[in-house]
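Quick notes on the structure that follows.
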Amino acid sequence: MSIHSIRSPWRYLVGVVVRMVRLEPGSAPRDNYEVEPVEEPRGDEPAKPIPLSHLPAGSRATIVKLIGSQSFRSRLRALGLHEGAELRCIRRSPFGDPVEISIYNLHIALRLKDASKVLVHPL
Amino acid sequence: MISAPLIVLVGPPNSGKSSLFNRLTGARQKVANYPGTTVEKREGEILLAEGVRAKILDLPGILELKPLSEDEWIAVSVLLGMHPELPPPHLAIVVLDATTLERGLHFLAEIKTLELPMVIALTMKDLLPQEGLVIHTELLAQEVGAPVVLVSSRTGEGIETLKLAVVQTLKNAPQPKKPHPLSSGYLRILRKEHPQFLETILERMPHLKDLLSAPEHPRTFSPTLAVEPLIARVIEHRSAAKLHRLSEQMDQVLLHPVAGILIFLLLMFLIFQSVYFFSEPLVDLLDQGREALASALRTNLPPSLALSFLSEGVLGGVGNVISFLPQILILFFWISLLEESGYLSRVAFLLDRPLRTAGLSGKSVIPLLSGFACAVPAIMATRTIEDYKTRLLTILIIPLMTCSARLPVYTLLIGTFIPEVQFFHVLNLKGLVMFGLYALGVLSALLWAWGLKGVVRYKGIPIPMILEFPLYRFPSLRNIGITLWMRGIAFLKRAGTYIFLATLILWLLLQFPRHYHEEISMASQGVPAQEITRFRLEHSFAGRIGKTIEPLIAPLGFDWKIGIGLFASFSAREVMISILGTIYSVGEGDAASVSLRKAMLNDRRPDGKPLWTLATALSLLVFYVYALQCVSTVIIMYRELGRPLFPLLVLASTYGLGYLMSFITYRIALSLGG
């Protein structure tokens, strides 16, 4: 069990509300930021990259790859998220969603949906 | 050179661009819109050296030369010399935050492909020692081939050196052509690396095609900067970053899951308390000034229509509007203080998730907060929201935020009709009702947005919502001062134009048609002057309008006099007060006026029952929570969204909602014996 699956009470409450909302017939599809759980790396294999949204708060990682549309990747690079750059996951927002990271000397926050498109290699 | 050269400031958001612009121009700046768009254009003039003047333009912040939102398009097209209305720039001042130069250098490498004459300004010089950073500017200047100047907009350090560098570079700069032939380098790089993006650009600016097919300019292939090695050589970390650590420590508390939210709520509470606390004496002062002016007019001018227009129309109408300038300024003072300090981007981080449930985002926080002062600047503040649908929803609910124009009406009605009751010696019923009205507005707004979210469909490029956390800093009073000055001027301009016009029309409607014969015969029969005024009012155009809509509003507990007020306050909410003042002919209508309150309490319906009961007052208060009674807001909504459909829908829905909720309130209050 990784750290990200422990939900804060806030996140739990919001989750309940969101689930109620989803029962609404005909409502627009909502952000699907939950990413398939990633297998824990086994001892001898080289660690697989994981999405940034799965990186536990407080740990460091290097960016391996950006996925998504061209303009999306370009925008992330402009923000400093280059392949090879080292980042640190600082915290989740109290309500569970945007995630704060530190890269170079900058602190920026990404939504989990966007963070899941940044593949990182935990250090 | 005949005309003054055009200099543009270009840089990423949060790079200190606006502070530098303020420092360079002082108050000699003009805020307008780029023609045909809603993007704010900040323009100014600087004296570079003896006799050398230049026009300077603060371009919207951009992260890269591949624009996604409307303001990024504008910035890039001006840089390329492709903007249809603006001349191509002679020189660009590239503004980069010296404390986050790693990213800045990537941006610089991209700008360099434009081969525009440039000067690089590295801001936040004053923070470098505390951050333990040393920037080797000579080395950077050598590599980039442009002067590099470290500046501090806060202390003014380096500003003169920057001006000197600009003058030097301008001397050697070629006269810019339109389109800039040198930007072909940028286009060629785009063709190689971002072909899709190039297509979008050519779609928007078809005349660029010639540039691509034209023979290559000999200078276009200057080697692109190798950024990574440059970073290692130019930026030297000498010691620990103190400010950085301090910011991180502050975030541990301010972004704490429980403490962070409590602190935010406490801050909001204190801000609203202070708005009332500080604005009251100022408003009183303004009111006294207005009274003095009105009585001076009355004693010095013979009674005539012109006098009536000046004292009732101009001073009563426009004067009333100006009297809540202090509230707006105090609220904006706090908002810009929090924004400057870096706290508001943290609030956006805290609230993004819950706001998203309502279809909004963390970036809606600043506009919604500004909405408590005035909807017009609040709607303009939504420009920082890149995602169109989020921006649209934010604009649509801003009118439900309790703006300061509602306060005079709330104060009058609550002060007059809500009984003085204390709970536990601290809570006061009047205060609670006031808080309840604010809460009703906010809750309705969020529900409204949540409902609209499913209805509004918009297919566009999804733009990632990314927040940046600047270092916590002591706010610059200079920047706050300039912001307040600009806000104040804009507000007074509006009061002097739209609201003046509305008041003029209303005054005419209240005065005409005149029935002089009846009035004279009434006067000769010894009828009191108050009765004559009422007679005149009842037979005026406005009176007839009030009578006409009376059946429509009777279910809400309103009579024709309130009807006139509702009709007139379509132009602006606070007009209600001056209308009630005129109707009850107690001279100047004024929320604090004791005689107006008495007159309202004494007013009877035709059947002898008092008109103003608690139920009527509550019903009117609830109506005011919802109805969009503000012509300026309607106009700005139309300008920002570019389609008359949206403001009309908002008008219809808020009035409808106000009617419904008022009706429910009135009936409940009646059944409870109000």
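Naming scheme: A, B, ... for chains in displayed order of the structure tokens; residues 1 onward per chain; ligands 1 onward as shown.
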
Inset, instruction - Could you list, as a PyMOL selection string, the residues of chain A having an atom within 6 Å of chain B when counting only C-alpha atoms? - result: chain A and resi 27-28+78+80+93-94+97+105+107-110

Keeping C-alpha atoms for every residue in the selection just given, could you write it to a file as a CSV table (one decimal), in the first residue's frame?
chain,number,residue,atom,x,y,z
A,27,SER,CA,-24.3,14.7,-16.4
A,28,ALA,CA,-21.1,15.5,-18.3
A,78,ALA,CA,7.9,25.7,-20.4
A,80,GLY,CA,10.4,23.7,-16.1
A,93,SER,CA,-3.9,20.0,-1.1
A,94,PRO,CA,-6.0,19.4,2.0
A,97,ASP,CA,-6.2,17.2,-5.4
A,105,ASN,CA,13.9,26.6,-7.5
A,107,HIS,CA,7.1,25.5,-6.5
A,108,ILE,CA,4.2,24.7,-8.8
A,109,ALA,CA,0.9,22.9,-8.3
A,110,LEU,CA,-0.6,20.5,-10.9

Inset, instruction - Would you kindly return, as JSON, numbers by chain, each protein, DNA or RNA residue with an atom no farther than 9 Å from any atom of range 226-233 of chain B, considering only C-alpha atoms and excluding same-chain residues fewer than 2 positions away? - result: {"B": [101, 102, 105, 106, 109, 136, 139, 140, 143, 223, 224, 235, 236]}

Selection export as a PDB file, in the first residue's frame, atoms kept: C-alpha atoms:
ATOM      1  CA  LEU B 101      16.670  31.698 -13.613  1.00  0.00           C
ATOM      2  CA  GLU B 102      16.948  27.991 -14.536  1.00  0.00           C
ATOM      3  CA  LEU B 105      17.027  30.646 -19.414  1.00  0.00           C
ATOM      4  CA  HIS B 106      14.850  28.126 -21.282  1.00  0.00           C
ATOM      5  CA  ALA B 109      16.564  30.604 -25.510  1.00  0.00           C
ATOM      6  CA  HIS B 136      27.304  35.787 -13.592  1.00  0.00           C
ATOM      7  CA  LEU B 139      29.007  35.601 -18.942  1.00  0.00           C
ATOM      8  CA  LEU B 140      25.307  35.417 -19.735  1.00  0.00           C
ATOM      9  CA  GLU B 143      26.540  33.941 -24.506  1.00  0.00           C
ATOM     10  CA  PRO B 223      23.116  28.804 -33.110  1.00  0.00           C
ATOM     11  CA  THR B 224      20.401  28.139 -30.564  1.00  0.00           C
ATOM     12  CA  ILE B 235      23.979  30.360 -11.802  1.00  0.00           C
ATOM     13  CA  GLU B 236      26.039  29.748  -8.731  1.00  0.00           C
TER      14      GLU B 236
END

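Shortest atom-to-atom contact with Leu47 in chain B among B:Asn479, B:Thr25, B:Ser336, B:Ser444: B:Thr25, counting only C-alpha atoms.
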
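Atom to atom, CA of Arg92 in chain A and CA of Ala57 in chain A stand 7.2 Å apart.
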
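Taking CA of Ser19 in chain B and CA of Phe264 in chain B as the two end points, the separation is 26.2 Å.
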
Inset, instruction - Kindly give the distance, in Å, that separates CA of Leu119 in chain A and CA of Leu55 in chain A, rounded to a single decimal. - result: 9.8 Å

Legend entry - Within 12 Å of Val118 in chain A using only C-alpha atoms, minus same-chain residues under 4 positions, as a PyMOL selection string: chain A and resi 35+49-55+61-68+72-73+76-77+81-85+87+101+110-114

Using N, CA, C and O atoms, can you export the residues from the last selection as a CSV table (one decimal), in the first residue's frame?
chain,number,residue,atom,x,y,z
A,35,VAL,N,-5.5,6.8,-11.7
A,35,VAL,CA,-4.7,6.0,-12.6
A,35,VAL,C,-4.5,4.6,-12.1
A,35,VAL,O,-4.6,4.3,-10.9
A,49,PRO,N,9.1,3.5,-14.5
A,49,PRO,CA,8.6,4.8,-14.2
A,49,PRO,C,7.2,4.8,-13.7
A,49,PRO,O,6.4,4.0,-14.1
A,50,ILE,N,6.9,5.7,-12.8
A,50,ILE,CA,5.5,5.8,-12.3
A,50,ILE,C,5.0,7.2,-12.6
A,50,ILE,O,5.7,8.2,-12.8
A,51,PRO,N,3.6,7.4,-12.7
A,51,PRO,CA,3.1,8.7,-12.9
A,51,PRO,C,3.4,9.6,-11.7
A,51,PRO,O,3.3,9.1,-10.6
A,52,LEU,N,3.6,10.9,-12.0
A,52,LEU,CA,3.9,11.8,-10.9
A,52,LEU,C,2.7,11.8,-9.9
A,52,LEU,O,3.0,12.0,-8.7
A,53,SER,N,1.5,11.6,-10.3
A,53,SER,CA,0.4,11.6,-9.4
A,53,SER,C,0.5,10.5,-8.4
A,53,SER,O,-0.2,10.5,-7.3
A,54,HIS,N,1.3,9.5,-8.6
A,54,HIS,CA,1.5,8.4,-7.6
A,54,HIS,C,2.7,8.6,-6.7
A,54,HIS,O,2.9,7.8,-5.8
A,55,LEU,N,3.4,9.7,-6.9
A,55,LEU,CA,4.6,9.9,-6.1
A,55,LEU,C,4.2,10.3,-4.7
A,55,LEU,O,3.5,11.3,-4.6
A,61,ALA,N,12.2,12.5,-7.4
A,61,ALA,CA,12.2,11.7,-8.6
A,61,ALA,C,12.7,12.5,-9.7
A,61,ALA,O,12.9,13.7,-9.7
A,62,THR,N,13.1,11.8,-10.8
A,62,THR,CA,13.5,12.5,-12.0
A,62,THR,C,12.5,12.2,-13.1
A,62,THR,O,11.9,11.2,-13.1
A,63,ILE,N,12.3,13.2,-14.0
A,63,ILE,CA,11.3,13.1,-15.0
A,63,ILE,C,11.8,12.2,-16.1
A,63,ILE,O,12.9,12.4,-16.6
A,64,VAL,N,11.0,11.2,-16.5
A,64,VAL,CA,11.5,10.3,-17.5
A,64,VAL,C,10.8,10.7,-18.9
A,64,VAL,O,11.5,10.8,-19.9
A,65,LYS,N,9.6,11.0,-18.8
A,65,LYS,CA,8.8,11.2,-20.1
A,65,LYS,C,7.6,12.0,-19.8
A,65,LYS,O,6.9,11.8,-18.7
A,66,LEU,N,7.2,12.8,-20.8
A,66,LEU,CA,5.9,13.5,-20.7
A,66,LEU,C,5.0,12.8,-21.7
A,66,LEU,O,5.4,12.6,-22.9
A,67,ILE,N,3.7,12.6,-21.4
A,67,ILE,CA,2.8,12.1,-22.4
A,67,ILE,C,1.6,13.1,-22.5
A,67,ILE,O,1.5,14.0,-21.7
A,68,GLY,N,0.8,12.9,-23.5
A,68,GLY,CA,-0.3,13.8,-23.8
A,68,GLY,C,0.0,14.6,-25.1
A,68,GLY,O,0.9,14.3,-25.8
A,72,PHE,N,0.3,20.3,-24.7
A,72,PHE,CA,0.4,20.1,-23.3
A,72,PHE,C,1.8,19.8,-22.8
A,72,PHE,O,2.3,20.4,-21.9
A,73,ARG,N,2.5,19.0,-23.6
A,73,ARG,CA,3.9,18.7,-23.2
A,73,ARG,C,4.8,20.0,-23.3
A,73,ARG,O,5.6,20.2,-22.4
A,76,LEU,N,4.2,22.1,-20.3
A,76,LEU,CA,4.8,21.6,-19.1
A,76,LEU,C,6.3,21.8,-19.1
A,76,LEU,O,6.9,22.2,-18.1
A,77,ARG,N,6.9,21.7,-20.3
A,77,ARG,CA,8.4,22.0,-20.4
A,77,ARG,C,8.6,23.4,-20.1
A,77,ARG,O,9.6,23.8,-19.4
A,81,LEU,N,9.3,21.6,-16.4
A,81,LEU,CA,9.3,20.1,-16.3
A,81,LEU,C,9.9,19.4,-17.5
A,81,LEU,O,9.2,19.0,-18.4
A,82,HIS,N,11.2,19.5,-17.6
A,82,HIS,CA,12.0,18.9,-18.7
A,82,HIS,C,12.3,17.4,-18.3
A,82,HIS,O,12.5,17.1,-17.2
A,83,GLU,N,12.4,16.6,-19.4
A,83,GLU,CA,12.9,15.3,-19.2
A,83,GLU,C,14.3,15.3,-18.5
A,83,GLU,O,15.1,16.1,-19.0
A,84,GLY,N,14.5,14.6,-17.5
A,84,GLY,CA,15.8,14.6,-16.8
A,84,GLY,C,15.9,15.5,-15.6
A,84,GLY,O,16.8,15.3,-14.8
A,85,ALA,N,14.9,16.4,-15.5
A,85,ALA,CA,15.0,17.3,-14.4
A,85,ALA,C,14.6,16.6,-13.1
A,85,ALA,O,13.8,15.7,-13.2
A,87,LEU,N,12.7,16.5,-9.5
A,87,LEU,CA,11.7,17.2,-8.8
A,87,LEU,C,11.4,16.5,-7.4
A,87,LEU,O,11.9,15.4,-7.1
A,101,ILE,N,4.6,20.5,-6.3
A,101,ILE,CA,5.9,19.9,-6.5
A,101,ILE,C,6.9,21.1,-6.5
A,101,ILE,O,6.6,22.2,-6.7
A,110,LEU,N,0.0,21.1,-9.7
A,110,LEU,CA,-0.6,20.5,-10.9
A,110,LEU,C,-1.8,19.7,-10.4
A,110,LEU,O,-1.8,19.1,-9.3
A,111,ARG,N,-2.8,19.6,-11.2
A,111,ARG,CA,-3.9,18.7,-10.9
A,111,ARG,C,-3.5,17.3,-11.1
A,111,ARG,O,-2.7,17.0,-12.0
A,112,LEU,N,-4.0,16.3,-10.4
A,112,LEU,CA,-3.6,14.9,-10.5
A,112,LEU,C,-3.8,14.4,-12.0
A,112,LEU,O,-3.0,13.7,-12.5
A,113,LYS,N,-4.9,14.9,-12.6
A,113,LYS,CA,-5.1,14.5,-14.0
A,113,LYS,C,-3.9,14.9,-14.9
A,113,LYS,O,-3.5,14.1,-15.7
A,114,ASP,N,-3.4,16.1,-14.7
A,114,ASP,CA,-2.2,16.5,-15.5
A,114,ASP,C,-1.0,15.8,-15.0
A,114,ASP,O,-0.1,15.4,-15.8

Inset, instruction - Rank nothing, just name the residue among B:Ser153, B:Ser476, B:Ser361, B:Thr384 nearest to Arg23 in chain B, using only C-alpha atoms. - result: B:Ser153

Inset, instruction - Could you tell me, as JSON, numbers by chain, which residues of range 96-128 of chain B DSSP assigns to strand (DSSP E or B) when given the backbone? - result: {"B": [96, 97, 118, 119, 120, 121, 122, 123]}

Prev. selection, N, CA and C atoms, output as a compact mmCIF listing (two decimals), in the first residue's frame:
# COMPACT_ATOMS: atom_id res chain seq x y z
N LEU B 96 13.09 38.42 -16.49
CA LEU B 96 13.19 37.09 -15.88
C LEU B 96 13.44 37.25 -14.40
N ASP B 97 12.85 36.35 -13.63
CA ASP B 97 13.06 36.33 -12.19
C ASP B 97 14.44 35.74 -11.91
N MET B 118 17.29 42.91 -28.02
CA MET B 118 16.74 42.76 -26.67
C MET B 118 17.72 43.15 -25.58
N VAL B 119 17.14 43.47 -24.43
CA VAL B 119 17.89 43.71 -23.21
C VAL B 119 17.28 42.79 -22.17
N ILE B 120 18.13 42.14 -21.38
CA ILE B 120 17.60 41.19 -20.42
C ILE B 120 17.63 41.82 -19.04
N ALA B 121 16.45 41.88 -18.41
CA ALA B 121 16.37 42.42 -17.06
C ALA B 121 16.12 41.27 -16.11
N LEU B 122 17.04 41.06 -15.18
CA LEU B 122 16.85 40.02 -14.17
C LEU B 122 16.33 40.69 -12.91
N THR B 123 15.08 40.41 -12.56
CA THR B 123 14.45 41.10 -11.44
C THR B 123 14.76 40.40 -10.12
